[in-house]
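First the structure, in the form of C-alpha cells, and then the observations on it.
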Amino acid sequence: MGALAKQKIEEGWPHVEIVGWRDGFFSNEELPAIRDQVSRASPTLLLIGMGSPKQEAFALEFLKIPNLQLVWAVGGLFDRLSGRIARAPPLMLMLRLEWLFRIFVEPRRLALRYLSDALWLAKSCVYELLNR
C-alpha cells in the first residue's frame, strides 16, 4: 500500500519530493534507527498514518528533528490514496457524513471508536453547559 500511495502522491503533486517512506509495522527496538533514518533524509514535512493513538505517540518522537517543520498524523490518508478504502459518495461528503459511511464499511473496527468519541463529546458539552 505504501508504494501505491507514494506513486499517487507523485502523480497528483509532481512538485512534492518524497525523501522516504516505510510501513508502520516495526518494533519499539527499531525506533532509534527509524528516527536516525528520518533525520538523515532531512524532511520538512513528516506524514504519519498508523492509526490512533500509535501515530500520535510516534509523532512525538520526531518533533526535534532538524529542518522538520511539520509532523502530521494523517490517519487513513494513505489507505485512501492507495485506493484500499473508498471515499464516501459525493452527497455524504457534502453533508459531512463520511464518518457514517466509514462505520458501514468497517463496523467492527470503527463503530466502538466513533461511539466512544461521541459519548466523550456529549459528556464534555453537557459539562460545559452545566458549568457556565
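How things are named: the first chain in the C-alpha cells is A, the next is B, and so on; residues count from 1 in each chain; ligands count from 1 in the order shown.
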
Exercise. Quick one: everything within 9 Å of Ser42 in chain A, counting only C-alpha atoms, minus sequence neighbours fewer than 4 positions away in the same chain. Send it as a VMD selection string.
Key: chain A and resid 19 37 to 38 65 to 68

Exercise. Might you pull out every residue within 12 Å of Ala111 in chain A, with only C-alpha atoms counted and same-chain residues fewer than 6 positions away left off, and present them as a list in words?
Key: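 Residues near the query, excluding close chain neighbours: Trp99, Leu100, Phe101, Arg102, Ile103, Phe104, Val105, Asp117 and Ala118 of chain A.
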
Quiz item: Nearest to Asp79 in chain A: which of A:Leu60, A:Ala41, A:Ile48, A:Leu91 is it, counting only C-alpha atoms?
Solution: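 The shortest atom-to-atom distance to Asp79 in chain A comes from A:Ile48.
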
Quiz prompt | Residue among A:Ser39, A:Ile85, A:Phe26, A:Gly75 lying closest to Leu63 in chain A, counting only C-alpha atoms | solution =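 When distances to Leu63 in chain A are compared using only C-alpha atoms, the smallest one comes from A:Ser39.
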
Quiz item: Could you work out how far CA of Leu70 in chain A lies from CA of Leu46 in chain A, giving the answer in Å with one decimal?
Solution: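 Those two atoms sit 6.3 Å apart.
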
Quiz prompt | Atomic distance CA of Leu81 in chain A - CA of Leu47 in chain A, expressed in Å with one decimal | solution =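 Separation of CA of Leu81 in chain A and CA of Leu47 in chain A: 13.0 Å.
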
Quiz item: So, counting only C-alpha atoms, which residue among A:Ile34, A:Ala88, A:Val74, A:Leu129 is closest to Phe62 in chain A?
Solution: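 Ranking A:Ile34, A:Ala88, A:Val74, A:Leu129 by distance to Phe62 in chain A, first place goes to A:Ile34.
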
Quiz item: Residues at most 12 Å from Leu77 in chain A, counting only C-alpha atoms, excluding those fewer than 6 positions away in the same chain, as number ranges by chain?
Solution: A: 1-2, 5-6, 8-9, 47-51, 83-87

Practice problem: Figure out the distance between CA of Leu4 in chain A and CA of Leu112 in chain A, please, to one decimal in Å. | Solution: 29.4 Å

Self-check item: All strand (DSSP E) residues (DSSP, backbone) inside range 29-87 of chain A, as a PyMOL selection string
Solution: chain A and resi 45-48+70-73

I need the residues from that last selection saved to file as a CSV table (one decimal), in the first residue's frame (with C-alpha atoms), if you can.
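The result, stored in part.csv:
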chain,number,residue,atom,x,y,z
A,45,LEU,CA,7.1,17.5,6.5
A,46,LEU,CA,6.5,14.1,8.0
A,47,LEU,CA,3.2,12.4,7.4
A,48,ILE,CA,2.3,9.5,9.7
A,70,LEU,CA,5.5,19.8,10.5
A,71,VAL,CA,4.7,16.4,11.8
A,72,TRP,CA,1.2,15.5,10.7
A,73,ALA,CA,-0.8,12.4,11.8

Practice problem: Name the closest residue to Val16 in chain A among the candidates A:Pro107, A:Ser116, A:Thr44, A:Arg80; distances are taken between atoms, counting only C-alpha atoms. | Solution: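 Closest to Val16 in chain A, using only C-alpha atoms: A:Thr44.
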